[in-house]
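For reference, run_16.txt is printed below; it contains compact mmCIF, C-alpha atoms.
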# COMPACT_ATOMS: atom_id res chain seq x y z
CA MET A 12 -37.57 -8.17 6.52
CA PRO A 13 -37.61 -6.30 9.84
CA THR A 14 -34.27 -4.86 10.87
CA SER A 15 -34.32 -6.89 14.10
CA ARG A 16 -34.61 -10.18 12.16
CA TYR A 17 -31.81 -9.20 9.79
CA LYS A 18 -29.56 -8.27 12.71
CA GLN A 19 -30.47 -11.49 14.52
CA LEU A 20 -29.25 -13.52 11.54
CA VAL A 21 -25.98 -11.57 11.33
CA ASP A 22 -25.44 -11.98 15.07
CA GLN A 23 -26.28 -15.69 14.94
CA LEU A 24 -23.82 -16.42 12.12
CA ALA A 25 -21.14 -14.25 13.75
CA SER A 26 -21.61 -16.07 17.05
CA ASP A 27 -21.37 -19.48 15.38
CA ILE A 28 -18.16 -18.47 13.62
CA ARG A 29 -16.52 -16.99 16.72
CA ALA A 30 -17.50 -19.97 18.86
CA GLY A 31 -16.08 -22.43 16.34
CA ARG A 32 -19.45 -23.99 15.47
CA LEU A 33 -18.77 -22.87 11.91
CA ARG A 34 -15.13 -23.79 11.38
CA PRO A 35 -12.61 -21.95 9.18
CA GLY A 36 -12.96 -23.03 5.59
CA THR A 37 -16.66 -23.88 5.87
CA ARG A 38 -18.50 -22.96 2.68
CA LEU A 39 -21.68 -21.08 3.59
CA PRO A 40 -24.90 -21.38 1.58
CA THR A 41 -25.09 -19.35 -1.60
CA HIS A 42 -26.86 -16.01 -1.35
CA ARG A 43 -29.88 -17.56 -3.09
CA ASP A 44 -29.90 -20.63 -0.84
CA LEU A 45 -29.60 -18.48 2.30
CA ALA A 46 -32.51 -16.34 1.10
CA ALA A 47 -34.67 -19.42 0.47
CA ARG A 48 -33.72 -21.09 3.76
CA GLU A 49 -34.42 -18.00 5.88
CA GLY A 50 -37.31 -16.61 3.84
CA LEU A 51 -35.42 -13.47 2.87
CA ALA A 52 -35.17 -11.29 -0.17
CA LEU A 53 -32.04 -12.03 -2.18
CA ALA A 54 -30.79 -8.48 -1.60
CA THR A 55 -31.14 -8.99 2.16
CA ALA A 56 -29.17 -12.24 2.06
CA THR A 57 -26.43 -10.42 0.15
CA ARG A 58 -26.47 -7.71 2.81
CA VAL A 59 -26.05 -10.32 5.57
CA TYR A 60 -22.91 -11.71 3.94
CA ALA A 61 -21.59 -8.21 3.21
CA GLU A 62 -21.83 -7.33 6.89
CA LEU A 63 -20.08 -10.54 7.94
CA GLN A 64 -17.33 -9.80 5.42
CA ALA A 65 -16.95 -6.26 6.77
CA MET A 66 -16.52 -7.81 10.23
CA GLY A 67 -13.67 -9.94 8.84
CA LEU A 68 -15.47 -13.22 9.53
CA VAL A 69 -16.08 -14.47 5.97
CA SER A 70 -14.58 -13.98 2.54
CA GLY A 71 -16.42 -13.97 -0.76
CA GLU A 72 -14.32 -15.79 -3.34
CA SER A 73 -15.19 -15.28 -7.00
CA GLY A 74 -16.49 -18.45 -8.62
CA ARG A 75 -16.36 -20.44 -5.38
CA GLY A 76 -18.73 -18.92 -2.83
CA THR A 77 -18.54 -17.50 0.70
CA PHE A 78 -16.21 -19.12 3.25
CA VAL A 79 -15.58 -18.76 6.98
CA LYS A 80 -12.16 -17.14 7.38
CA GLU A 81 -9.28 -18.23 9.55
CA ALA A 82 -9.01 -16.20 12.76
CA LEU A 83 -6.18 -13.97 11.59
CA PRO A 84 -5.16 -11.07 13.85
CA ARG A 85 -7.26 -7.94 13.46
CA GLY A 86 -5.90 -5.71 10.72
CA HIS A 87 -3.72 -8.50 9.29
CA GLY A 88 -1.69 -6.99 6.48
CA ILE A 89 -2.52 -3.36 7.34
CA ASP A 90 -1.71 -2.65 10.98
CA LEU A 91 1.90 -3.10 12.04
CA ARG A 92 2.19 -5.79 14.69
CA ALA A 93 4.91 -6.54 17.23
CA TRP A 94 6.16 -10.06 16.58
CA ASN A 95 8.69 -12.07 18.51
CA ASP A 96 12.28 -11.91 17.33
CA ASP A 97 11.95 -15.41 15.90
CA THR A 98 9.23 -14.36 13.43
CA ALA A 99 10.27 -13.72 9.82
CA GLU A 100 8.51 -10.51 8.80
CA LEU A 101 7.27 -10.88 5.21
CA ALA A 102 4.16 -8.72 5.64
CA PHE A 103 5.87 -5.31 5.90
CA ASN A 104 8.96 -3.91 4.23
CA SER A 105 11.62 -2.23 6.34
CA PRO A 106 14.70 -2.46 4.10
CA THR A 107 18.02 -1.54 5.72
CA LEU A 108 21.65 -1.88 4.66
CA PRO A 109 24.78 -2.62 6.68
CA GLY A 110 26.25 0.56 8.13
CA GLN A 111 23.05 2.62 8.24
CA ALA A 112 23.04 2.76 12.04
CA GLU A 113 26.52 4.28 12.02
CA LEU A 114 25.41 6.81 9.40
CA TYR A 115 22.65 7.84 11.78
CA ARG A 116 25.06 8.15 14.73
CA ALA A 117 27.39 10.32 12.67
CA ALA A 118 24.50 12.54 11.55
CA LEU A 119 23.35 13.05 15.13
CA ARG A 120 26.90 13.94 16.18
CA ARG A 121 27.17 16.51 13.38
CA LEU A 122 23.87 18.08 14.40
CA ALA A 123 24.96 18.23 18.05
CA GLU A 124 28.38 19.69 17.27
CA HIS A 125 27.71 21.96 14.28
CA GLY A 126 23.95 22.40 14.04
CA ASP A 127 21.54 24.73 15.81
CA PRO A 128 19.89 22.61 18.55
CA GLU A 129 17.77 25.49 19.79
CA ALA A 130 16.18 25.89 16.36
CA LEU A 131 15.42 22.16 16.26
CA LEU A 132 13.46 22.48 19.51
CA ARG A 133 11.09 25.14 18.19
CA TYR A 134 8.03 24.98 15.96
CA ARG A 135 8.91 24.84 12.29
CA PRO A 136 6.97 25.99 9.21
CA HIS A 137 4.23 23.50 8.47
CA GLY A 138 5.70 22.30 5.18
CA GLY A 139 9.35 22.90 6.05
CA SER A 140 11.56 25.94 5.63
CA ASP A 141 12.22 27.35 2.17
CA THR A 142 15.71 25.82 2.21
CA GLU A 143 14.40 22.40 3.23
CA ARG A 144 11.66 22.52 0.61
CA ALA A 145 14.17 23.44 -2.06
CA THR A 146 16.36 20.50 -1.05
CA ALA A 147 13.39 18.13 -1.23
CA ALA A 148 12.43 19.56 -4.63
CA THR A 149 15.93 18.85 -5.92
CA HIS A 150 15.50 15.24 -4.88
CA LEU A 151 12.07 14.99 -6.54
CA ASN A 152 13.37 16.41 -9.81
CA ARG A 153 15.28 13.18 -10.37
CA ARG A 154 11.89 11.66 -11.21
CA GLY A 155 11.70 13.78 -14.34
CA PHE A 156 9.48 16.71 -13.37
CA ASP A 157 9.94 20.34 -12.40
CA ALA A 158 9.56 20.84 -8.65
CA ASP A 159 10.66 23.87 -6.68
CA ALA A 160 10.35 25.13 -3.11
CA GLY A 161 7.02 26.82 -3.81
CA SER A 162 5.39 23.59 -5.00
CA THR A 163 6.98 21.20 -2.50
CA LEU A 164 6.11 20.35 1.11
CA LEU A 165 7.90 18.22 3.70
CA VAL A 166 5.60 15.53 5.13
CA SER A 167 5.98 12.73 7.68
CA GLY A 168 6.35 9.92 5.17
CA ALA A 169 4.28 8.88 2.16
CA GLN A 170 1.35 7.70 4.29
CA HIS A 171 1.09 11.19 5.76
CA GLY A 172 1.27 12.70 2.28
CA LEU A 173 -1.54 10.49 0.98
CA THR A 174 -3.68 11.30 4.00
CA LEU A 175 -3.10 15.03 3.45
CA ALA A 176 -4.21 14.75 -0.16
CA ALA A 177 -7.35 12.84 0.84
CA MET A 178 -8.17 15.38 3.56
CA ALA A 179 -7.35 18.62 1.78
CA LEU A 180 -8.39 18.09 -1.83
CA PHE A 181 -11.67 16.18 -1.58
CA GLU A 182 -15.02 16.31 0.19
CA PRO A 183 -16.72 13.45 2.06
CA GLY A 184 -18.54 11.25 -0.42
CA ASP A 185 -16.27 12.08 -3.35
CA VAL A 186 -15.52 9.17 -5.69
CA ILE A 187 -11.86 8.26 -6.24
CA ALA A 188 -10.87 5.72 -8.88
CA VAL A 189 -8.25 3.21 -7.74
CA ASP A 190 -6.72 -0.01 -9.03
CA ALA A 191 -8.72 -3.10 -8.14
CA LEU A 192 -5.62 -4.09 -6.17
CA THR A 193 -4.23 -1.03 -4.45
CA TYR A 194 -2.14 0.17 -1.51
CA PRO A 195 -3.90 -0.53 1.83
CA GLY A 196 -2.64 2.74 3.31
CA PHE A 197 -4.60 4.77 0.77
CA LYS A 198 -7.70 2.68 1.44
CA LEU A 199 -7.35 3.64 5.11
CA ALA A 200 -6.76 7.34 4.31
CA ALA A 201 -9.84 7.35 2.09
CA GLU A 202 -11.91 5.67 4.80
CA CYS A 203 -10.88 8.31 7.34
CA ALA A 204 -11.75 11.09 4.86
CA ARG A 205 -15.06 9.35 4.03
CA LEU A 206 -14.21 9.01 0.35
CA GLU A 207 -15.71 6.33 -1.89
CA LEU A 208 -13.21 4.17 -3.75
CA ALA A 209 -14.26 2.93 -7.19
CA PRO A 210 -12.10 -0.01 -8.31
CA VAL A 211 -10.84 -0.17 -11.89
CA PRO A 212 -9.51 -3.48 -13.28
CA ALA A 213 -6.00 -3.86 -14.60
CA ALA A 214 -5.42 -3.43 -18.31
CA VAL A 215 -3.24 -6.53 -18.49
CA ALA A 216 -3.35 -9.93 -16.85
CA THR A 217 -1.45 -9.92 -13.58
CA ALA A 218 0.86 -12.61 -14.92
CA ASN A 219 2.21 -10.01 -17.36
CA ALA A 220 2.60 -7.22 -14.81
CA ALA A 221 6.35 -7.65 -14.61
CA ALA A 222 6.61 -6.86 -18.32
CA ASN A 223 6.66 -3.17 -17.37
CA ASP A 224 3.51 -2.38 -19.31
CA GLY A 225 0.87 -2.53 -16.61
CA GLY A 226 -1.67 -0.04 -15.39
CA MET A 227 -5.38 0.29 -14.76
CA ASP A 228 -7.70 -0.24 -17.73
CA LEU A 229 -8.09 3.31 -19.04
CA ASP A 230 -11.12 2.43 -21.16
CA ALA A 231 -12.80 1.23 -17.97
CA LEU A 232 -11.71 4.42 -16.20
CA ALA A 233 -13.15 6.60 -18.97
CA GLU A 234 -16.43 4.67 -18.83
CA LEU A 235 -16.53 5.09 -15.04
CA CYS A 236 -16.07 8.85 -15.48
CA ARG A 237 -18.99 8.93 -17.95
CA ARG A 238 -21.25 7.02 -15.56
CA ARG A 239 -20.32 8.71 -12.29
CA ARG A 240 -18.98 12.01 -11.01
CA VAL A 241 -15.44 10.84 -10.33
CA ARG A 242 -13.33 13.46 -8.58
CA GLY A 243 -9.89 11.84 -8.49
CA VAL A 244 -7.59 8.97 -9.38
CA TYR A 245 -5.02 7.31 -7.12
CA THR A 246 -2.32 5.32 -8.85
CA MET A 247 1.22 3.93 -8.49
CA PRO A 248 2.60 4.04 -12.05
CA THR A 249 6.19 3.28 -11.09
CA LEU A 250 6.45 0.04 -9.12
CA HIS A 251 2.86 -0.69 -8.29
CA ASN A 252 2.28 -2.21 -4.86
CA PRO A 253 1.52 -5.16 -4.84
CA LEU A 254 1.83 -6.15 -8.54
CA GLY A 255 5.15 -4.48 -9.34
CA TRP A 256 4.28 -3.05 -12.74
CA VAL A 257 5.88 0.07 -14.25
CA ALA A 258 3.40 1.77 -16.57
CA GLY A 259 4.70 2.69 -20.00
CA PRO A 260 4.84 6.16 -21.62
CA ALA A 261 1.72 5.65 -23.76
CA TRP A 262 -0.37 4.65 -20.75
CA ARG A 263 0.84 7.67 -18.79
CA ALA A 264 0.02 10.06 -21.61
CA ALA A 265 -3.44 8.53 -22.03
CA LEU A 266 -4.16 8.82 -18.29
CA ALA A 267 -3.06 12.48 -18.30
CA ALA A 268 -5.52 13.10 -21.15
CA ILE A 269 -8.39 11.50 -19.20
CA VAL A 270 -7.48 13.56 -16.13
CA ARG A 271 -7.70 16.77 -18.17
CA GLN A 272 -10.86 15.77 -20.01
CA HIS A 273 -12.79 15.02 -16.82
CA GLY A 274 -11.19 17.56 -14.49
CA LEU A 275 -9.79 14.96 -12.13
CA THR A 276 -7.29 15.32 -9.31
CA LEU A 277 -4.49 12.79 -9.74
CA ILE A 278 -2.66 11.37 -6.73
CA GLU A 279 0.62 9.76 -7.80
CA ASP A 280 2.26 7.50 -5.22
CA GLY A 281 6.01 7.28 -5.81
CA ALA A 282 7.05 5.55 -2.59
CA TYR A 283 8.83 2.71 -4.42
CA ALA A 284 9.73 4.58 -7.62
CA PHE A 285 13.39 4.86 -6.60
CA LEU A 286 13.82 1.14 -7.26
CA ALA A 287 12.98 1.30 -10.99
CA ASP A 288 15.89 2.20 -13.25
CA GLU A 289 15.07 4.34 -16.27
CA ALA A 290 11.34 4.55 -15.59
CA PRO A 291 9.29 6.95 -17.76
CA PRO A 292 8.82 10.47 -16.36
CA ALA A 293 6.41 10.80 -13.47
CA LEU A 294 2.79 11.72 -14.10
CA ALA A 295 3.51 15.04 -12.41
CA ALA A 296 5.57 15.94 -15.51
CA LEU A 297 2.64 15.18 -17.84
CA ALA A 298 -0.22 16.78 -15.90
CA PRO A 299 1.48 19.12 -13.41
CA GLU A 300 -1.62 21.29 -13.00
CA ALA A 301 -3.68 18.33 -11.72
CA THR A 302 -1.21 16.03 -9.94
CA VAL A 303 -0.15 15.54 -6.35
CA HIS A 304 3.06 13.51 -6.32
CA VAL A 305 3.83 11.83 -2.99
CA SER A 306 7.28 10.47 -2.23
CA SER A 307 9.10 9.25 0.83
CA LEU A 308 12.51 8.33 2.14
CA SER A 309 11.09 5.63 4.39
CA LYS A 310 11.92 2.79 2.01
CA SER A 311 14.90 4.38 0.26
CA VAL A 312 16.62 5.36 3.52
CA ALA A 313 14.91 4.04 6.68
CA THR A 314 11.31 3.46 7.74
CA GLY A 315 11.95 5.09 11.12
CA LEU A 316 12.87 8.40 9.47
CA ARG A 317 9.34 9.59 8.83
CA VAL A 318 10.21 12.17 6.21
CA GLY A 319 8.72 12.49 2.74
CA ALA A 320 8.00 15.09 0.11
CA LEU A 321 4.78 16.17 -1.55
CA HIS A 322 4.70 18.10 -4.83
CA ALA A 323 1.49 19.83 -5.94
CA PRO A 324 0.28 22.83 -7.97
CA ARG A 325 1.08 26.02 -6.09
CA GLU A 326 -2.57 26.98 -5.67
CA TRP A 327 -3.18 23.75 -3.70
CA ILE A 328 -0.28 24.30 -1.29
CA PRO A 329 -2.19 26.44 1.30
CA ARG A 330 -4.87 23.76 1.70
CA LEU A 331 -2.24 21.07 2.11
CA GLU A 332 -0.33 23.19 4.64
CA ARG A 333 -3.50 23.53 6.73
CA ALA A 334 -3.87 19.75 6.68
CA ILE A 335 -0.27 19.40 7.90
CA ARG A 336 -1.06 21.77 10.74
CA ALA A 337 -4.13 19.71 11.65
CA THR A 338 -2.21 16.43 11.69
CA THR A 339 1.44 16.92 12.70
CA TRP A 340 2.06 20.71 12.69
CA ASN A 341 5.44 20.03 11.08
CA THR A 342 7.74 17.16 10.22
CA PRO A 343 10.10 16.60 13.19
CA ALA A 344 12.96 19.06 12.77
CA THR A 345 15.74 16.65 13.71
CA MET A 346 14.62 14.06 11.15
CA THR A 347 14.22 16.74 8.50
CA ALA A 348 17.70 18.12 9.14
CA ILE A 349 19.28 14.68 8.85
CA VAL A 350 17.44 13.79 5.65
CA CYS A 351 18.15 17.11 3.96
CA GLY A 352 21.81 16.77 4.86
CA TRP A 353 21.89 13.30 3.32
CA ILE A 354 20.21 14.54 0.14
CA GLU A 355 22.77 17.33 -0.21
CA ASP A 356 25.86 15.20 0.42
CA GLY A 357 24.76 12.33 -1.86
CA THR A 358 24.05 9.78 0.87
CA VAL A 359 20.43 9.31 -0.25
CA ALA A 360 21.45 8.72 -3.87
CA ARG A 361 24.04 6.17 -2.75
CA LEU A 362 21.61 4.33 -0.47
CA GLU A 363 19.01 4.20 -3.24
CA ALA A 364 21.53 2.67 -5.66
CA GLU A 365 22.57 0.09 -3.06
CA LYS A 366 18.95 -0.79 -2.32
CA ARG A 367 18.25 -1.31 -6.00
CA ARG A 368 21.03 -3.90 -6.04
CA ASP A 369 19.77 -5.40 -2.77
CA ALA A 370 16.20 -5.69 -4.08
CA ARG A 371 17.38 -7.41 -7.25
CA GLN A 372 19.32 -9.94 -5.21
CA ARG A 373 16.25 -10.67 -3.10
CA GLN A 374 14.10 -11.08 -6.19
CA ARG A 375 16.57 -13.61 -7.57
CA ILE A 376 16.26 -15.63 -4.36
CA ALA A 377 12.46 -15.43 -4.55
CA ALA A 378 12.49 -16.55 -8.21
CA GLU A 379 14.78 -19.47 -7.38
CA ILE A 380 12.55 -20.75 -4.58
CA LEU A 381 9.07 -19.73 -5.75
CA GLY A 382 9.49 -19.68 -9.53
CA HIS A 383 7.44 -22.85 -10.01
CA LEU A 384 4.50 -21.06 -8.34
CA ARG A 385 4.63 -18.28 -10.98
CA PRO A 386 4.92 -15.22 -8.71
CA VAL A 387 4.20 -11.75 -10.09
CA SER A 388 6.89 -9.14 -9.40
CA HIS A 389 9.29 -6.57 -10.77
CA PRO A 390 12.95 -7.65 -10.86
CA ALA A 391 13.96 -4.72 -8.62
CA SER A 392 11.04 -4.55 -6.18
CA TYR A 393 10.94 -5.41 -2.50
CA PHE A 394 7.77 -7.49 -2.76
CA THR A 395 6.23 -10.29 -4.79
CA TRP A 396 2.63 -11.29 -5.42
CA LEU A 397 1.95 -15.01 -5.17
CA PRO A 398 -1.31 -16.16 -6.80
CA LEU A 399 -2.71 -19.37 -5.34
CA ALA A 400 -4.59 -22.26 -6.87
CA GLN A 401 -8.37 -22.00 -6.79
CA GLU A 402 -8.67 -24.77 -4.21
CA VAL A 403 -6.31 -22.98 -1.77
CA ARG A 404 -7.48 -20.33 0.69
CA ALA A 405 -5.10 -17.46 1.38
CA ASP A 406 -6.18 -17.08 5.01
CA ALA A 407 -5.41 -20.76 5.64
CA ILE A 408 -1.95 -20.29 4.11
CA ALA A 409 -1.33 -17.19 6.25
CA MET A 410 -2.41 -18.96 9.44
CA ALA A 411 -0.26 -22.02 8.69
CA LEU A 412 2.73 -19.73 8.07
CA MET A 413 2.11 -17.86 11.31
CA ARG A 414 2.40 -21.17 13.14
CA GLU A 415 5.83 -21.51 11.53
CA ARG A 416 6.76 -17.96 12.64
CA ILE A 417 6.46 -16.47 9.14
CA SER A 418 4.26 -13.39 8.77
CA VAL A 419 2.71 -12.65 5.36
CA SER A 420 -0.15 -10.55 4.07
CA THR A 421 -3.21 -11.96 2.36
CA ALA A 422 -4.72 -10.21 -0.65
CA HIS A 423 -7.56 -8.85 1.47
CA PRO A 424 -5.93 -5.55 2.54
CA PHE A 425 -5.07 -4.73 -1.09
CA ALA A 426 -8.44 -5.58 -2.64
CA ALA A 427 -10.74 -2.69 -3.48
CA THR A 428 -13.40 -5.10 -4.74
CA PRO A 429 -15.77 -7.35 -2.73
CA HIS A 430 -14.21 -10.50 -4.20
CA VAL A 431 -10.67 -11.01 -2.97
CA PRO A 432 -8.13 -12.77 -5.21
CA HIS A 433 -6.54 -16.03 -4.16
CA ALA A 434 -3.08 -14.64 -3.42
CA ILE A 435 -0.62 -13.54 -0.76
CA ARG A 436 1.88 -10.71 -0.86
CA LEU A 437 5.42 -11.30 0.35
CA ALA A 438 7.57 -8.39 1.52
CA LEU A 439 11.20 -9.26 0.87
CA GLY A 440 13.07 -6.38 2.50
CA SER A 441 12.77 -6.79 6.27
CA VAL A 442 14.98 -9.80 7.01
CA ASN A 443 18.57 -10.71 6.16
CA LEU A 444 19.24 -12.84 3.10
CA ASP A 445 19.69 -16.12 4.99
CA ALA A 446 16.46 -15.58 6.92
CA LEU A 447 14.70 -14.61 3.70
CA ARG A 448 15.76 -17.83 2.00
CA ARG A 449 14.54 -19.93 4.95
CA ALA A 450 11.25 -18.05 5.12
CA LEU A 451 10.58 -18.39 1.40
CA GLU A 452 11.36 -22.10 1.58
CA GLY A 453 8.76 -22.26 4.35
CA VAL A 454 6.25 -20.45 2.14
CA ALA A 455 6.86 -22.89 -0.72
CA ARG A 456 6.45 -25.84 1.63
CA VAL A 457 3.23 -24.59 3.21
CA VAL A 458 1.69 -23.71 -0.17
CA ALA A 459 2.54 -27.21 -1.42
CA ASP A 460 1.04 -28.80 1.71
CA GLN A 461 -2.18 -26.80 1.42
CA THR A 462 -2.48 -27.48 -2.31
CA ASP A 463 -2.09 -31.25 -1.89
CA ARG A 464 -4.90 -31.54 0.67

Would you kindly transcribe this structure into structure tokens?
Amino acid sequence: MPTSRYKQLVDQLASDIRAGRLRPGTRLPTHRDLAAREGLALATATRVYAELQAMGLVSGESGRGTFVKEALPRGHGIDLRAWNDDTAELAFNSPTLPGQAELYRAALRRLAEHGDPEALLRYRPHGGSDTERATAATHLNRRGFDADAGSTLLVSGAQHGLTLAAMALFEPGDVIAVDALTYPGFKLAAECARLELAPVPAAVATANAAANDGGMDLDALAELCRRRRVRGVYTMPTLHNPLGWVAGPAWRAALAAIVRQHGLTLIEDGAYAFLADEAPPALAALAPEATVHVSSLSKSVATGLRVGALHAPREWIPRLERAIRATTWNTPATMTAIVCGWIEDGTVARLEAEKRRDARQRQRIAAEILGHLRPVSHPASYFTWLPLAQEVRADAIAMALMRERISVSTAHPFAATPHVPHAIRLALGSVNLDALRRALEGVARVVADQTDR
């Protein structure tokens, strides 16, 4: 089929969707039917739908077909949006506790009165000073591995750390294995670094994820490594986002063995690990020579304090420092000074303990209101995964909730596979408890309404 004809068909379908001639929820012809109707090769018809899906106009739903999507805002579920004050934010987590603003005021006063303001106004070492790196390493060591100043870098939050790893440790075109449902921020970092993500299915059914024995299917990962030249693995073993699993010791040991056998680079995302009591040791303790561990204080302290820590083998540190220079030069000195002070005086440990209690309370509210819908979550996480019935479309649910001033994320940003699950993710940490209860009641009501249609 000539390229011009193929493009004409894509443009025609896109125009019909945008103009409303093909309404949201319309089931499009099957790939085979489209090929027969238009006189195309089946592979070309598949390519047409793939391009429409990449444009965000249709969704391919396993076992059901291809549907016109609701006109959700661009980047829905990935890009932070500015909502009105009357919108309940359940798409992004920004957990705060009473009194944190006063803590921040007090920290700024201490810096002004007893710190060195002139030093804070100058360039800083790319990965933080030796003292700051040692403080961050002390904090990381609570995860059960041996970090020190020489193997630790200060970064501007976990997203920055993941982007650094993607930039510094891989080449364009490299294949990185990820969970079939994974963190959207890493998908974006991989896209910017021109990496190919290879999805690996979960080893357990998502309904069992909260049993603390989840993880990607390691037999499938090993088979992928035999078939392709996989360079790395990205995973969230402690409080997976969005499914909430905590991988067990046996799974972690088996993954470390695969990493060594195939010479992989392992990126361990520990952004939410602080919420899991008595989790097994981090992967960085099992395969320290091959693991980049990325952590952050954005969720455990405050999302506006863009400070995190990255632990890696010492020989990788120079490459990562160059990537810091290329992106931010250094983590803002004022934020770093505040965070390091809070690590040293125990404030961070106290806030993390309080947020574990807060997250459990929010999960109890979610279970009370949504329990009949069988959500998937961890009892101490700040999010829950809500699978939907086969006849319900997630984009229709999200749009209906937006009309009720409730913002949620569909499964689309988390999916690393072409077929997106029928589910939404609910972030529980950004609104007060009363607002959370009202918003979750709204979610339950809208899901019921859409299911009964």

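Checking A:Val318, A:Ala377, A:Ala407, A:Cys351 one by one against Arg449 of chain A, counting all atoms listed in the file, you find the shortest gap at A:Ala377.
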
Proximity to Asp127 of chain A - best of A:Thr57, A:Ser307, A:Thr345, A:Thr338, all atoms listed in the file: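 Of A:Thr57, A:Ser307, A:Thr345, A:Thr338, the one nearest Asp127 of chain A, counting all atoms listed in the file, is A:Thr345.
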
Pick from A:Asp97, A:Leu412, A:Leu451, A:Ala364 nearest to Gly382 of chain A, counting all atoms listed in the file: A:Leu451

Contacts of Ala337 of chain A within 12 Å, only C-alpha atoms, excl. fewer than 3 positions in-chain, as a PyMOL selection string: chain A and resi 137+171+174-175+178-179+330-334+340-341

Computed interatomic separation between atom CA of Asp157 of chain A and atom CA of Pro291 of chain A (Å):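 One can read the atom CA of Asp157 of chain A to atom CA of Pro291 of chain A distance as 14.4 Å.
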
Polymer residues at most 9 Å from Thr347 of chain A, all atoms listed in the file, same-chain spacing of 2 or more positions, as a list in words: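 The contact residues come out as Gly139, Glu143, Leu165, Leu316, Arg317, Val318, Thr342, Pro343, Ala344, Thr345, Ile349, Val350, Cys351 and Gly352 of chain A.
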
Shell around Arg34 of chain A at 9 Å using all atoms listed in the file, local window under 4 positions removed, as a PyMOL selection string: chain A and resi 27-30+79-81

Coordinates-based distance that separates atom CA of Thr462 of chain A from atom CA of Ala61 of chain A (Å, one decimal): 27.7 Å

Minimum-distance residue to Ala118 of chain A, chosen among A:Asp356, A:Glu379, A:Glu402, A:Asp228 (using only C-alpha atoms):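 Closest candidate: A:Asp356.
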
Could you complete segment 151-161 of chain A so that it carries N, CA, C and O atoms, and give it back as a short mmCIF file (atom, residue, chain, number, x, y, z; two decimals), in the coordinates of the input?
data_model
loop_
_atom_site.label_atom_id
_atom_site.label_comp_id
_atom_site.auth_asym_id
_atom_site.auth_seq_id
_atom_site.Cartn_x
_atom_site.Cartn_y
_atom_site.Cartn_z
N LEU A 151 13.21 15.40 -5.73
CA LEU A 151 12.07 14.99 -6.54
C LEU A 151 12.35 15.15 -8.03
O LEU A 151 11.85 14.37 -8.86
N ASN A 152 13.13 16.14 -8.40
CA ASN A 152 13.37 16.41 -9.81
C ASN A 152 14.10 15.27 -10.52
O ASN A 152 14.11 15.21 -11.75
N ARG A 153 14.67 14.36 -9.75
CA ARG A 153 15.28 13.18 -10.37
C ARG A 153 14.23 12.26 -10.98
O ARG A 153 14.57 11.35 -11.75
N ARG A 154 12.97 12.47 -10.64
CA ARG A 154 11.89 11.66 -11.21
C ARG A 154 11.41 12.21 -12.55
O ARG A 154 10.47 11.71 -13.14
N GLY A 155 12.03 13.29 -13.01
CA GLY A 155 11.70 13.78 -14.34
C GLY A 155 10.64 14.85 -14.39
O GLY A 155 9.98 15.04 -15.41
N PHE A 156 10.42 15.59 -13.29
CA PHE A 156 9.48 16.71 -13.37
C PHE A 156 10.05 17.93 -12.67
O PHE A 156 11.11 17.85 -12.03
N ASP A 157 9.39 19.06 -12.82
CA ASP A 157 9.94 20.34 -12.40
C ASP A 157 9.33 20.77 -11.08
O ASP A 157 8.28 21.39 -11.03
N ALA A 158 10.00 20.43 -9.99
CA ALA A 158 9.56 20.84 -8.65
C ALA A 158 10.44 21.97 -8.16
O ALA A 158 11.61 22.08 -8.53
N ASP A 159 9.88 22.83 -7.33
CA ASP A 159 10.66 23.87 -6.68
C ASP A 159 10.12 24.06 -5.27
O ASP A 159 9.16 23.39 -4.85
N ALA A 160 10.73 24.96 -4.51
CA ALA A 160 10.35 25.13 -3.11
C ALA A 160 8.89 25.54 -2.96
O ALA A 160 8.21 25.13 -2.02
N GLY A 161 8.39 26.34 -3.92
CA GLY A 161 7.02 26.82 -3.81
C GLY A 161 5.97 25.77 -4.07
O GLY A 161 4.80 25.95 -3.71
#
